[in-house]
Amino acid sequence: MDNTRKITVIQATAVLISTIIGVGILALPRFAVQTAETGAPLVTLLGILVASAGLWLITVLGVRFPSKTIVQYSEEIIGKWLARFGSLLIIGFFAILTSLAAREFGEVVVTTVLRNTPLEVTVIVMLLLAAVSSRHGLETFVYIHYFYLPLILAPALMIVVLSLKNAELLNLLPVMGNEHKELLGGVLTIAALFQGSFIISIVIPHMRRPGQAYKASFMGMSVAGVLYFLIVVATVAVFGPEEIKRLLWPTLELAKTTSLPANILERLDAAFLAVWVTAVFTTLYSSYFLTIHCMSKLFRLRDHKLFSFFVMPFVFFYCDGAAKHSGTLPNHSDCRTDRSDCDHWLSVSAVGGFHHTKKKGYT
Amino acid sequence: MGNKKCTKTGNKAKLLILLLLMPLIAGCWDRSELDERALVLGISIDKADPETEKEEPDVSHLPGQEPLPAKDMIRLTAQLAVPGRIPLGPGGQGGGASPGGSQTIWPLSVVGHSMSDAIANLQQQISSPLFLGHLRTIVVSEEIARKELKDINDYFRRNPEVRRTTWMMVSSGKAEPLMRSAPEIERVPTLYLMMTLEQAVKLGKFPQDFIGVFWSRSVKKGQEGFLPYVEVQKKDNILIQGMAYFKGTKMVGKPSPLEIAAYMGIKGESPGGYQLVKIPGTKSQAVFAATQRKSKIDFKIVHGRPDFSVKVWIEGNINEINADAHLNDDNIKDIERAEAKRVQKIYGDLVSNTQKDGSDIFGFGEYVRAKAPKYWNREIRTVEQWQNMYKDVSVHIQTMVRVRRVGMTTS
């Protein structure tokens, strides 16, 4: 029995869910509403579909090459040098994603909770945490996700359910929305919030039965997707699209408006933020882990520990600089151009992969 | 071997000590003690008198130097909680506070050119940092509300400490007296103000309308917001006088308390209040109390304009009849009909009043936007368009009243 193959389907699912649910959850309803007003749930659904397609590709490839990660099998599919260039793109992309997520996290914390703490401190603490945890192997990585999952899911669902008390059905109609602004862009932005699902590519080689990765992908995407969808529905139903356009982090405002029955807690935002910090951590951890894991594979190293602190300064300075020259809040949509590059490369490699494996199968 | 084992346990012990020390060295950058915070419980905003400019301390600018905003100055009165004086628990032993709130709170008044200017001026006068997380009531004078509420809304919306469940209200006359009033029954005056409104929601005297709801409604394309309109009475109690309804961020009209019931009826909100109905054919009256209200708002597009029909079902009890009339099946039917007719008139009056002011507090426009998006996109699209169109849409109101219970008699 191979000693490194220990991850079960449920664990892989847990990794997916807790990786996907992250910083983006706070601004998600605003992205959706800016695109299609009351059509926000629909846009979210489309975004989930797009993201699912991406995840499906990665899973298919992972299952075809059950003992290799994307860095390794891409070399087989599209040739060494092209693949290395692609892998570099992936690494860069996820490093940037990590720093943008850390930045947005810091931004939320500084404006809403810890107003006197310097932004750098919250960001460094978060990144350090990710760096230290990433020194462990994949197994610990999976356990950490598995452990935090209920803590992320349960309160988020609770807020959705409790907030429906103030919901108005008219806010969700018409389902298609009144005015649309670059629908495609909006759908892609939402899909981009799910890009953490890429993590499955390094989980598959360690799964007990890699063939079951489909199941994990499907369940992971469904749970995270349903949660995101519900949050958009609840937020839009409570505030109405026009108000959401004026709120920076509508989900946080939703938590602020929602109270536990019987005056136990009059506002849930503090509780929600505590949960959210965990969610951000697991997401950061995943993208950070993915970055250094891919790096070690690219450089043919057996161990990835070497990079866990090496990458941190780059991530930190990118994130620190991100806002300094733009002066505005960075968010995931900034990543869209990066993402499309990455996606192009992915689809090329995927198509190549099909051809390749088919040829193999026939000859 | 033994040696190795020893170091191993030594390492473990060291680790344990480290772990135990961890909680001690952890700190909080944003630490702020409860008693070092100035908890603001209530804020009132008035228009300041022209000569108050002299009263202003030179906190945010020097006199006569900066180009000052051309707007009128505001007078902001804040109710601060006095730490330690607010008794915890029902015993009242906590701080020895007397009812009437003379000591539990500390009302302070400042002037300023804008909200943040006034808050800065206030901060200059008190020692601890102001904390708005416990702000429960915001009172704005009618004068300010009629002029413009945009800046005030903006300030509270952007401040992350402020709850969305805070109540905002409009006062008839000056708002400051509400901050200085000291009702006998509650230890903390602002809490009394808040309780008045929260209980009103429960008793059916006012619809749910905390500040978050007001904001959401006032930015909606097919709806306008409204706020409770209050007045201080002789004994420092607070009368909910009606709804101050808005057009955008400006207050445009104030209905009477009876019209709150009309609003709630049209929206189908329960429970209802009491109404005096004349028993047809006699000289006596019955008191009808609505317990359940349901409504259905529908519309058709007739000649390029939406044509609304509102159906309201009201169920209730007859609580009292004065004089010597006796209730029987026939006159109960009569009462139902008479009440339905009366209610229909009140509802119709409220709708036409709001139409005159172009303030669609019922959200009729939202129905059009939601259910006839094609028509909306073609003909209306913007808030202003709807405000104009609302003035001459037709609204047909139909009411049905049913008496459920009349009480039991022994004879």
# chains A, B, ... in the order shown; residues from 1 in each chain; ligands from 1
>>> interface_residues(of="chain B", to="chain A", cutoff="7 Å", atoms="only C-alpha atoms", output="VMD selection string")
chain B and resid 29 to 30 160 163 to 165 216 219 to 220 366 to 367 370 to 371 373 377
>>> select_by_dssp(residues="range 13-162 of chain A", states="alpha helix (DSSP H)", output="tab-separated table (two decimals) with N, CA and C atoms, in the first residue's frame")
chain	number	residue	atom	x	y	z
A	13	THR	N	-13.12	16.80	-0.49
A	13	THR	CA	-14.25	17.72	-0.59
A	13	THR	C	-14.08	18.89	0.37
A	14	ALA	N	-13.69	18.54	1.60
A	14	ALA	CA	-13.52	19.58	2.62
A	14	ALA	C	-12.48	20.60	2.18
A	15	VAL	N	-11.38	20.11	1.61
A	15	VAL	CA	-10.33	21.02	1.15
A	15	VAL	C	-10.90	21.97	0.11
A	16	LEU	N	-11.66	21.41	-0.82
A	16	LEU	CA	-12.24	22.26	-1.86
A	16	LEU	C	-13.14	23.33	-1.29
A	17	ILE	N	-14.06	22.90	-0.43
A	17	ILE	CA	-15.04	23.85	0.11
A	17	ILE	C	-14.34	24.97	0.86
A	18	SER	N	-13.47	24.59	1.78
A	18	SER	CA	-12.91	25.64	2.63
A	18	SER	C	-11.90	26.48	1.86
A	19	THR	N	-11.36	25.94	0.78
A	19	THR	CA	-10.48	26.77	-0.05
A	19	THR	C	-11.29	27.80	-0.83
A	20	ILE	N	-12.41	27.34	-1.37
A	20	ILE	CA	-13.21	28.25	-2.19
A	20	ILE	C	-13.79	29.38	-1.36
A	28	LEU	N	-18.95	39.56	-2.70
A	28	LEU	CA	-19.65	38.79	-3.74
A	28	LEU	C	-20.99	39.37	-4.18
A	29	PRO	N	-21.92	39.68	-3.25
A	29	PRO	CA	-23.21	40.20	-3.71
A	29	PRO	C	-23.07	41.49	-4.51
A	30	ARG	N	-22.07	42.31	-4.15
A	30	ARG	CA	-21.91	43.57	-4.88
A	30	ARG	C	-21.47	43.31	-6.31
A	31	PHE	N	-20.51	42.41	-6.50
A	31	PHE	CA	-20.07	42.08	-7.86
A	31	PHE	C	-21.28	41.63	-8.69
A	32	ALA	N	-22.08	40.75	-8.07
A	32	ALA	CA	-23.21	40.17	-8.81
A	32	ALA	C	-24.24	41.25	-9.14
A	33	VAL	N	-24.50	42.14	-8.17
A	33	VAL	CA	-25.53	43.16	-8.37
A	33	VAL	C	-25.07	44.21	-9.39
A	34	GLN	N	-23.79	44.54	-9.36
A	34	GLN	CA	-23.29	45.53	-10.31
A	34	GLN	C	-23.46	45.06	-11.74
A	35	THR	N	-23.46	43.76	-11.91
A	35	THR	CA	-23.62	43.23	-13.27
A	35	THR	C	-25.07	43.22	-13.72
A	36	ALA	N	-25.95	42.73	-12.86
A	36	ALA	CA	-27.30	42.50	-13.36
A	36	ALA	C	-28.40	42.87	-12.37
A	40	ALA	N	-28.82	39.18	-9.93
A	40	ALA	CA	-27.60	38.75	-9.25
A	40	ALA	C	-27.53	37.24	-8.99
A	41	PRO	N	-28.62	36.63	-8.46
A	41	PRO	CA	-28.52	35.18	-8.23
A	41	PRO	C	-28.24	34.42	-9.52
A	42	LEU	N	-28.84	34.89	-10.60
A	42	LEU	CA	-28.64	34.22	-11.88
A	42	LEU	C	-27.17	34.33	-12.31
A	43	VAL	N	-26.61	35.53	-12.18
A	43	VAL	CA	-25.21	35.74	-12.54
A	43	VAL	C	-24.32	34.83	-11.70
A	44	THR	N	-24.66	34.73	-10.41
A	44	THR	CA	-23.88	33.87	-9.54
A	44	THR	C	-23.92	32.43	-10.03
A	45	LEU	N	-25.12	32.02	-10.41
A	45	LEU	CA	-25.28	30.66	-10.90
A	45	LEU	C	-24.42	30.43	-12.14
A	46	LEU	N	-24.45	31.40	-13.05
A	46	LEU	CA	-23.64	31.27	-14.26
A	46	LEU	C	-22.16	31.20	-13.90
A	47	GLY	N	-21.77	32.06	-12.96
A	47	GLY	CA	-20.38	32.06	-12.52
A	47	GLY	C	-19.98	30.71	-11.98
A	48	ILE	N	-20.89	30.11	-11.21
A	48	ILE	CA	-20.61	28.79	-10.63
A	48	ILE	C	-20.44	27.77	-11.76
A	49	LEU	N	-21.29	27.88	-12.78
A	49	LEU	CA	-21.19	26.95	-13.90
A	49	LEU	C	-19.84	27.07	-14.61
A	50	VAL	N	-19.44	28.32	-14.86
A	50	VAL	CA	-18.15	28.53	-15.52
A	50	VAL	C	-17.03	27.93	-14.67
A	51	ALA	N	-17.09	28.22	-13.36
A	51	ALA	CA	-16.06	27.71	-12.47
A	51	ALA	C	-16.08	26.18	-12.45
A	52	SER	N	-17.29	25.61	-12.50
A	52	SER	CA	-17.39	24.16	-12.49
A	52	SER	C	-16.73	23.56	-13.71
A	53	ALA	N	-16.91	24.23	-14.84
A	53	ALA	CA	-16.29	23.73	-16.07
A	53	ALA	C	-14.78	23.67	-15.90
A	54	GLY	N	-14.21	24.74	-15.32
A	54	GLY	CA	-12.77	24.76	-15.09
A	54	GLY	C	-12.34	23.64	-14.17
A	55	LEU	N	-13.10	23.49	-13.10
A	55	LEU	CA	-12.76	22.47	-12.11
A	55	LEU	C	-12.85	21.09	-12.74
A	56	TRP	N	-13.87	20.91	-13.59
A	56	TRP	CA	-14.07	19.62	-14.24
A	56	TRP	C	-12.84	19.27	-15.09
A	57	LEU	N	-12.33	20.25	-15.84
A	57	LEU	CA	-11.15	20.03	-16.67
A	57	LEU	C	-9.98	19.54	-15.82
A	58	ILE	N	-9.74	20.29	-14.74
A	58	ILE	CA	-8.61	19.96	-13.88
A	58	ILE	C	-8.77	18.55	-13.31
A	59	THR	N	-10.02	18.23	-12.93
A	59	THR	CA	-10.26	16.92	-12.34
A	59	THR	C	-10.02	15.81	-13.37
A	60	VAL	N	-10.55	16.04	-14.58
A	60	VAL	CA	-10.36	15.03	-15.62
A	60	VAL	C	-8.88	14.77	-15.83
A	61	LEU	N	-8.12	15.86	-15.95
A	61	LEU	CA	-6.68	15.71	-16.17
A	61	LEU	C	-6.02	15.00	-15.00
A	62	GLY	N	-6.43	15.40	-13.81
A	62	GLY	CA	-5.84	14.80	-12.61
A	62	GLY	C	-6.08	13.31	-12.56
A	63	VAL	N	-7.29	12.91	-12.97
A	63	VAL	CA	-7.62	11.50	-12.91
A	63	VAL	C	-6.88	10.71	-14.01
A	64	ARG	N	-6.65	11.37	-15.14
A	64	ARG	CA	-5.89	10.68	-16.20
A	64	ARG	C	-4.44	10.45	-15.80
A	70	ILE	N	-0.18	18.95	-11.67
A	70	ILE	CA	-0.33	19.65	-12.95
A	70	ILE	C	1.01	20.05	-13.54
A	71	VAL	N	1.96	20.41	-12.68
A	71	VAL	CA	3.27	20.81	-13.17
A	71	VAL	C	3.93	19.66	-13.92
A	72	GLN	N	3.73	18.45	-13.40
A	72	GLN	CA	4.39	17.30	-14.01
A	72	GLN	C	3.68	16.82	-15.27
A	73	TYR	N	2.36	16.69	-15.18
A	73	TYR	CA	1.72	16.14	-16.37
A	73	TYR	C	1.63	17.12	-17.53
A	74	SER	N	1.67	18.40	-17.21
A	74	SER	CA	1.61	19.35	-18.32
A	74	SER	C	2.86	19.21	-19.19
A	75	GLU	N	3.98	18.82	-18.58
A	75	GLU	CA	5.19	18.62	-19.37
A	75	GLU	C	5.00	17.49	-20.36
A	76	GLU	N	4.26	16.49	-19.94
A	76	GLU	CA	4.02	15.37	-20.84
A	76	GLU	C	3.09	15.78	-21.96
A	77	ILE	N	2.13	16.65	-21.62
A	77	ILE	CA	1.09	16.96	-22.60
A	77	ILE	C	1.55	17.95	-23.66
A	78	ILE	N	2.10	19.07	-23.22
A	78	ILE	CA	2.38	20.10	-24.22
A	78	ILE	C	3.87	20.36	-24.39
A	80	LYS	N	8.02	20.14	-22.75
A	80	LYS	CA	8.71	20.60	-21.57
A	80	LYS	C	8.70	22.11	-21.38
A	81	TRP	N	9.14	22.84	-22.41
A	81	TRP	CA	9.40	24.25	-22.19
A	81	TRP	C	8.12	25.07	-22.10
A	82	LEU	N	7.18	24.72	-22.94
A	82	LEU	CA	5.90	25.40	-22.88
A	82	LEU	C	5.25	25.16	-21.53
A	83	ALA	N	5.36	23.92	-21.09
A	83	ALA	CA	4.75	23.55	-19.81
A	83	ALA	C	5.41	24.30	-18.67
A	84	ARG	N	6.73	24.43	-18.75
A	84	ARG	CA	7.42	25.14	-17.66
A	84	ARG	C	7.00	26.60	-17.62
A	85	PHE	N	6.85	27.15	-18.79
A	85	PHE	CA	6.38	28.54	-18.84
A	85	PHE	C	4.98	28.63	-18.22
A	86	GLY	N	4.15	27.68	-18.57
A	86	GLY	CA	2.79	27.65	-18.02
A	86	GLY	C	2.81	27.50	-16.52
A	87	SER	N	3.67	26.61	-16.05
A	87	SER	CA	3.74	26.39	-14.60
A	87	SER	C	4.18	27.66	-13.89
A	88	LEU	N	5.11	28.35	-14.51
A	88	LEU	CA	5.55	29.62	-13.93
A	88	LEU	C	4.37	30.58	-13.83
A	89	LEU	N	3.55	30.59	-14.87
A	89	LEU	CA	2.36	31.44	-14.84
A	89	LEU	C	1.47	31.07	-13.67
A	90	ILE	N	1.24	29.77	-13.52
A	90	ILE	CA	0.38	29.32	-12.41
A	90	ILE	C	0.96	29.78	-11.08
A	91	ILE	N	2.25	29.57	-10.93
A	91	ILE	CA	2.90	29.93	-9.66
A	91	ILE	C	2.74	31.43	-9.41
A	92	GLY	N	3.05	32.21	-10.43
A	92	GLY	CA	2.92	33.65	-10.29
A	92	GLY	C	1.49	34.05	-9.97
A	93	PHE	N	0.57	33.41	-10.67
A	93	PHE	CA	-0.83	33.73	-10.49
A	93	PHE	C	-1.29	33.48	-9.06
A	94	PHE	N	-0.93	32.32	-8.55
A	94	PHE	CA	-1.39	32.02	-7.20
A	94	PHE	C	-0.64	32.81	-6.14
A	95	ALA	N	0.59	33.18	-6.44
A	95	ALA	CA	1.30	34.05	-5.50
A	95	ALA	C	0.60	35.40	-5.43
A	96	ILE	N	0.22	35.92	-6.59
A	96	ILE	CA	-0.48	37.20	-6.62
A	96	ILE	C	-1.85	37.09	-5.96
A	97	LEU	N	-2.51	35.97	-6.24
A	97	LEU	CA	-3.82	35.75	-5.63
A	97	LEU	C	-3.70	35.76	-4.10
A	98	THR	N	-2.66	35.10	-3.61
A	98	THR	CA	-2.44	35.08	-2.16
A	98	THR	C	-2.29	36.50	-1.63
A	99	SER	N	-1.47	37.28	-2.34
A	99	SER	CA	-1.22	38.61	-1.79
A	99	SER	C	-2.45	39.50	-1.90
A	100	LEU	N	-3.23	39.36	-2.97
A	100	LEU	CA	-4.44	40.17	-3.07
A	100	LEU	C	-5.45	39.78	-2.00
A	101	ALA	N	-5.55	38.48	-1.75
A	101	ALA	CA	-6.48	38.03	-0.71
A	101	ALA	C	-6.04	38.57	0.64
A	102	ALA	N	-4.72	38.51	0.89
A	102	ALA	CA	-4.20	39.01	2.17
A	102	ALA	C	-4.48	40.50	2.28
A	103	ARG	N	-4.31	41.18	1.16
A	103	ARG	CA	-4.52	42.63	1.16
A	103	ARG	C	-5.98	42.97	1.47
A	104	GLU	N	-6.87	42.26	0.80
A	104	GLU	CA	-8.27	42.57	1.03
A	104	GLU	C	-8.67	42.23	2.46
A	105	PHE	N	-8.11	41.14	2.94
A	105	PHE	CA	-8.35	40.77	4.34
A	105	PHE	C	-7.93	41.91	5.27
A	106	GLY	N	-6.70	42.37	5.06
A	106	GLY	CA	-6.19	43.45	5.90
A	106	GLY	C	-7.05	44.69	5.81
A	107	GLU	N	-7.50	44.97	4.61
A	107	GLU	CA	-8.31	46.16	4.37
A	107	GLU	C	-9.62	46.10	5.15
A	108	VAL	N	-10.26	44.93	5.13
A	108	VAL	CA	-11.51	44.76	5.86
A	108	VAL	C	-11.27	44.91	7.35
A	119	LEU	N	-2.17	48.08	8.93
A	119	LEU	CA	-2.54	47.08	7.94
A	119	LEU	C	-1.46	46.01	7.83
A	120	GLU	N	-0.19	46.46	7.82
A	120	GLU	CA	0.91	45.53	7.62
A	120	GLU	C	0.91	44.43	8.68
A	121	VAL	N	0.56	44.81	9.90
A	121	VAL	CA	0.62	43.84	10.98
A	121	VAL	C	-0.37	42.71	10.75
A	122	THR	N	-1.61	43.06	10.44
A	122	THR	CA	-2.59	42.00	10.23
A	122	THR	C	-2.19	41.13	9.04
A	123	VAL	N	-1.67	41.77	8.00
A	123	VAL	CA	-1.30	41.00	6.81
A	123	VAL	C	-0.13	40.07	7.11
A	124	ILE	N	0.88	40.61	7.80
A	124	ILE	CA	2.05	39.78	8.09
A	124	ILE	C	1.67	38.61	8.98
A	125	VAL	N	0.84	38.85	9.97
A	125	VAL	CA	0.44	37.77	10.85
A	125	VAL	C	-0.25	36.67	10.05
A	126	MET	N	-1.14	37.09	9.16
A	126	MET	CA	-1.86	36.11	8.35
A	126	MET	C	-0.90	35.33	7.46
A	127	LEU	N	0.01	36.04	6.80
A	127	LEU	CA	0.93	35.37	5.89
A	127	LEU	C	1.88	34.45	6.66
A	128	LEU	N	2.33	34.92	7.83
A	128	LEU	CA	3.21	34.08	8.65
A	128	LEU	C	2.51	32.78	9.00
A	129	LEU	N	1.27	32.93	9.37
A	129	LEU	CA	0.49	31.75	9.74
A	129	LEU	C	0.43	30.77	8.58
A	130	ALA	N	0.18	31.32	7.40
A	130	ALA	CA	0.12	30.46	6.22
A	130	ALA	C	1.48	29.84	5.95
A	131	ALA	N	2.53	30.65	6.08
A	131	ALA	CA	3.87	30.15	5.78
A	131	ALA	C	4.27	29.05	6.75
A	132	VAL	N	4.04	29.29	8.03
A	132	VAL	CA	4.41	28.29	9.03
A	132	VAL	C	3.64	27.00	8.79
A	133	SER	N	2.32	27.13	8.55
A	133	SER	CA	1.52	25.93	8.36
A	133	SER	C	1.92	25.19	7.09
A	138	LEU	N	1.22	17.60	2.90
A	138	LEU	CA	-0.13	17.71	2.37
A	138	LEU	C	-1.16	17.15	3.34
A	139	GLU	N	-0.74	16.12	4.08
A	139	GLU	CA	-1.71	15.49	4.97
A	139	GLU	C	-2.19	16.46	6.05
A	140	THR	N	-1.22	17.13	6.67
A	140	THR	CA	-1.58	18.12	7.69
A	140	THR	C	-2.45	19.20	7.07
A	141	PHE	N	-2.06	19.58	5.88
A	141	PHE	CA	-2.82	20.58	5.13
A	141	PHE	C	-4.30	20.17	5.03
A	142	VAL	N	-4.49	18.90	4.67
A	142	VAL	CA	-5.86	18.41	4.53
A	142	VAL	C	-6.57	18.37	5.86
A	143	TYR	N	-5.87	17.94	6.88
A	143	TYR	CA	-6.50	17.87	8.21
A	143	TYR	C	-6.95	19.24	8.68
A	144	ILE	N	-6.10	20.23	8.46
A	144	ILE	CA	-6.46	21.58	8.91
A	144	ILE	C	-7.76	22.03	8.24
A	145	HIS	N	-7.84	21.79	6.94
A	145	HIS	CA	-9.07	22.17	6.23
A	145	HIS	C	-10.28	21.42	6.77
A	146	TYR	N	-10.06	20.14	6.97
A	146	TYR	CA	-11.15	19.28	7.42
A	146	TYR	C	-11.67	19.75	8.78
A	147	PHE	N	-10.72	20.15	9.60
A	147	PHE	CA	-11.07	20.58	10.96
A	147	PHE	C	-11.88	21.88	10.96
A	148	TYR	N	-11.48	22.82	10.11
A	148	TYR	CA	-12.14	24.13	10.14
A	148	TYR	C	-13.45	24.18	9.38
A	149	LEU	N	-13.69	23.19	8.53
A	149	LEU	CA	-14.85	23.27	7.65
A	149	LEU	C	-16.18	23.56	8.36
A	150	PRO	N	-16.52	22.79	9.40
A	150	PRO	CA	-17.81	23.07	10.06
A	150	PRO	C	-17.87	24.48	10.64
A	151	LEU	N	-16.71	24.95	11.11
A	151	LEU	CA	-16.68	26.30	11.70
A	151	LEU	C	-16.96	27.37	10.66
A	152	ILE	N	-16.66	27.06	9.42
A	152	ILE	CA	-16.90	28.04	8.36
A	152	ILE	C	-18.34	27.95	7.87
A	153	LEU	N	-18.78	26.72	7.66
A	153	LEU	CA	-20.09	26.53	7.04
A	153	LEU	C	-21.25	26.90	7.95
A	154	ALA	N	-21.22	26.37	9.17
A	154	ALA	CA	-22.40	26.49	10.04
A	154	ALA	C	-22.81	27.95	10.28
A	155	PRO	N	-21.89	28.82	10.74
A	155	PRO	CA	-22.34	30.19	11.02
A	155	PRO	C	-22.79	30.92	9.76
A	156	ALA	N	-22.13	30.67	8.64
A	156	ALA	CA	-22.53	31.35	7.41
A	156	ALA	C	-23.97	30.98	7.05
A	157	LEU	N	-24.27	29.69	7.17
A	157	LEU	CA	-25.63	29.25	6.88
A	157	LEU	C	-26.63	29.86	7.85
A	158	MET	N	-26.19	29.94	9.12
A	158	MET	CA	-27.08	30.48	10.14
A	158	MET	C	-27.45	31.94	9.82
A	159	ILE	N	-26.45	32.70	9.42
A	159	ILE	CA	-26.72	34.10	9.10
A	159	ILE	C	-27.70	34.20	7.94
A	160	VAL	N	-27.51	33.34	6.94
A	160	VAL	CA	-28.42	33.36	5.79
A	160	VAL	C	-29.85	33.10	6.26
A	161	VAL	N	-30.02	32.06	7.06
A	161	VAL	CA	-31.36	31.68	7.49
A	161	VAL	C	-32.00	32.79	8.34
A	162	LEU	N	-31.23	33.30	9.32
A	162	LEU	CA	-31.79	34.30	10.22
A	162	LEU	C	-32.10	35.61	9.50
>>> closest_atom_pairs(of="range 303-365 of chain B", to="range 264-288 of chain B", cutoff="6 Å", atoms="only C-alpha atoms", output="tab-separated table")
residue	atom	partner	partner_atom	distance
B:Asn317	CA	B:Phe288	CA	5.8
B:Ile318	CA	B:Phe288	CA	4.5
B:Asn319	CA	B:Val287	CA	5.6
B:Glu320	CA	B:Val287	CA	5.1
B:Ile321	CA	B:Ala286	CA	4.2
B:Asn322	CA	B:Gln285	CA	5.8
B:Ala323	CA	B:Ser284	CA	5.7
B:Ile335	CA	B:Ile279	CA	5.7
>>> residues_around(residues="His293 in chain A", least_positions_apart="3", cutoff="10 Å", atoms="only C-alpha atoms", output="JSON, numbers by chain")
{"A": [69, 71, 91, 134, 137, 138, 202, 287, 288, 289, 290, 296, 297, 298, 301, 302, 303, 304, 305, 307, 308]}
>>> residues_around(residues="Lys174 in chain B", least_positions_apart="5", cutoff="12 Å", atoms="only C-alpha atoms", output="ChimeraX atom specification")
/B:44-49,74-77,139-145,179-180,230-232
>>> closest_residue(among="B:Lys205, B:Arg158, B:Arg136, B:His396", to="Leu80 in chain B", atoms="only C-alpha atoms")
B:Arg136
>>> residues_around(residues="Val368 in chain B", least_positions_apart="2", cutoff="12 Å", atoms="only C-alpha atoms", output="PyMOL selection string")
(chain A and resi 170-171+173-174+178) or (chain B and resi 221-223+297-301+305-308+363-366+370-381+386+389-390+393)
>>> write_last_selection(atoms="C-alpha atoms", output="JSON list (two decimals), in the first residue's frame")
[["chain", "number", "residue", "atom", "x", "y", "z"],
["A", 170, "LEU", "CA", -39.78, 41.89, -4.76],
["A", 171, "ASN", "CA", -36.07, 42.59, -4.42],
["A", 173, "LEU", "CA", -37.56, 40.15, -9.28],
["A", 174, "PRO", "CA", -37.24, 40.22, -12.24],
["A", 178, "ASN", "CA", -33.49, 45.26, -15.20],
["B", 221, "LYS", "CA", -35.95, 52.89, -7.88],
["B", 222, "GLY", "CA", -39.64, 52.41, -7.29],
["B", 223, "GLN", "CA", -40.02, 53.25, -3.63],
["B", 297, "ILE", "CA", -51.23, 44.58, -4.88],
["B", 298, "ASP", "CA", -51.73, 44.00, -8.57],
["B", 299, "PHE", "CA", -51.42, 46.14, -11.62],
["B", 300, "LYS", "CA", -52.22, 46.24, -15.30],
["B", 301, "ILE", "CA", -50.82, 48.52, -17.91],
["B", 305, "ARG", "CA", -49.69, 53.67, -17.53],
["B", 306, "PRO", "CA", -49.73, 51.21, -14.69],
["B", 307, "ASP", "CA", -53.13, 50.90, -13.09],
["B", 308, "PHE", "CA", -52.97, 49.47, -9.59],
["B", 363, "GLY", "CA", -43.30, 50.74, -3.36],
["B", 364, "PHE", "CA", -45.88, 50.49, -6.12],
["B", 365, "GLY", "CA", -43.05, 51.24, -8.51],
["B", 366, "GLU", "CA", -41.15, 48.24, -7.24],
["B", 370, "ALA", "CA", -40.23, 43.54, -10.62],
["B", 371, "LYS", "CA", -43.18, 42.23, -12.57],
["B", 372, "ALA", "CA", -43.18, 44.19, -15.79],
["B", 373, "PRO", "CA", -39.45, 44.72, -16.41],
["B", 374, "LYS", "CA", -39.91, 45.32, -20.14],
["B", 375, "TYR", "CA", -42.38, 48.12, -19.56],
["B", 376, "TRP", "CA", -40.20, 49.54, -16.79],
["B", 377, "ASN", "CA", -37.07, 49.55, -18.91],
["B", 378, "ARG", "CA", -38.87, 51.18, -21.79],
["B", 379, "GLU", "CA", -40.90, 53.83, -19.99],
["B", 380, "ILE", "CA", -39.47, 54.51, -16.56],
["B", 381, "ARG", "CA", -35.97, 53.26, -15.72],
["B", 386, "TRP", "CA", -41.10, 57.08, -11.44],
["B", 389, "MET", "CA", -45.28, 59.05, -13.08],
["B", 390, "TYR", "CA", -46.48, 58.11, -9.60],
["B", 393, "VAL", "CA", -51.16, 56.59, -11.82]]
>>> closest_residue(among="B:Phe362, B:Phe156, B:Trp167, B:Trp106", to="Val188 in chain B", atoms="only C-alpha atoms")
B:Trp106
>>> decode(residues="range 116-123 of chain A", atoms="N, CA and C atoms", output="PDB file, in the first residue's frame")
ATOM      1  N   ASN A 116      -6.905  50.747  14.728  1.00  0.00           N
ATOM      2  CA  ASN A 116      -5.617  51.358  15.032  1.00  0.00           C
ATOM      3  C   ASN A 116      -4.448  50.460  14.668  1.00  0.00           C
ATOM      4  N   THR A 117      -4.730  49.193  14.439  1.00  0.00           N
ATOM      5  CA  THR A 117      -3.661  48.279  14.072  1.00  0.00           C
ATOM      6  C   THR A 117      -3.236  48.549  12.641  1.00  0.00           C
ATOM      7  N   PRO A 118      -1.921  48.692  12.421  1.00  0.00           N
ATOM      8  CA  PRO A 118      -1.481  48.938  11.047  1.00  0.00           C
ATOM      9  C   PRO A 118      -1.853  47.766  10.142  1.00  0.00           C
ATOM     10  N   LEU A 119      -2.165  48.083   8.933  1.00  0.00           N
ATOM     11  CA  LEU A 119      -2.539  47.079   7.942  1.00  0.00           C
ATOM     12  C   LEU A 119      -1.457  46.006   7.825  1.00  0.00           C
ATOM     13  N   GLU A 120      -0.193  46.459   7.823  1.00  0.00           N
ATOM     14  CA  GLU A 120       0.907  45.528   7.617  1.00  0.00           C
ATOM     15  C   GLU A 120       0.909  44.434   8.679  1.00  0.00           C
ATOM     16  N   VAL A 121       0.556  44.814   9.895  1.00  0.00           N
ATOM     17  CA  VAL A 121       0.624  43.841  10.981  1.00  0.00           C
ATOM     18  C   VAL A 121      -0.366  42.708  10.750  1.00  0.00           C
ATOM     19  N   THR A 122      -1.609  43.061  10.444  1.00  0.00           N
ATOM     20  CA  THR A 122      -2.592  42.000  10.227  1.00  0.00           C
ATOM     21  C   THR A 122      -2.192  41.127   9.043  1.00  0.00           C
ATOM     22  N   VAL A 123      -1.673  41.768   8.000  1.00  0.00           N
ATOM     23  CA  VAL A 123      -1.305  41.004   6.814  1.00  0.00           C
ATOM     24  C   VAL A 123      -0.133  40.072   7.109  1.00  0.00           C
TER      25      VAL A 123
END
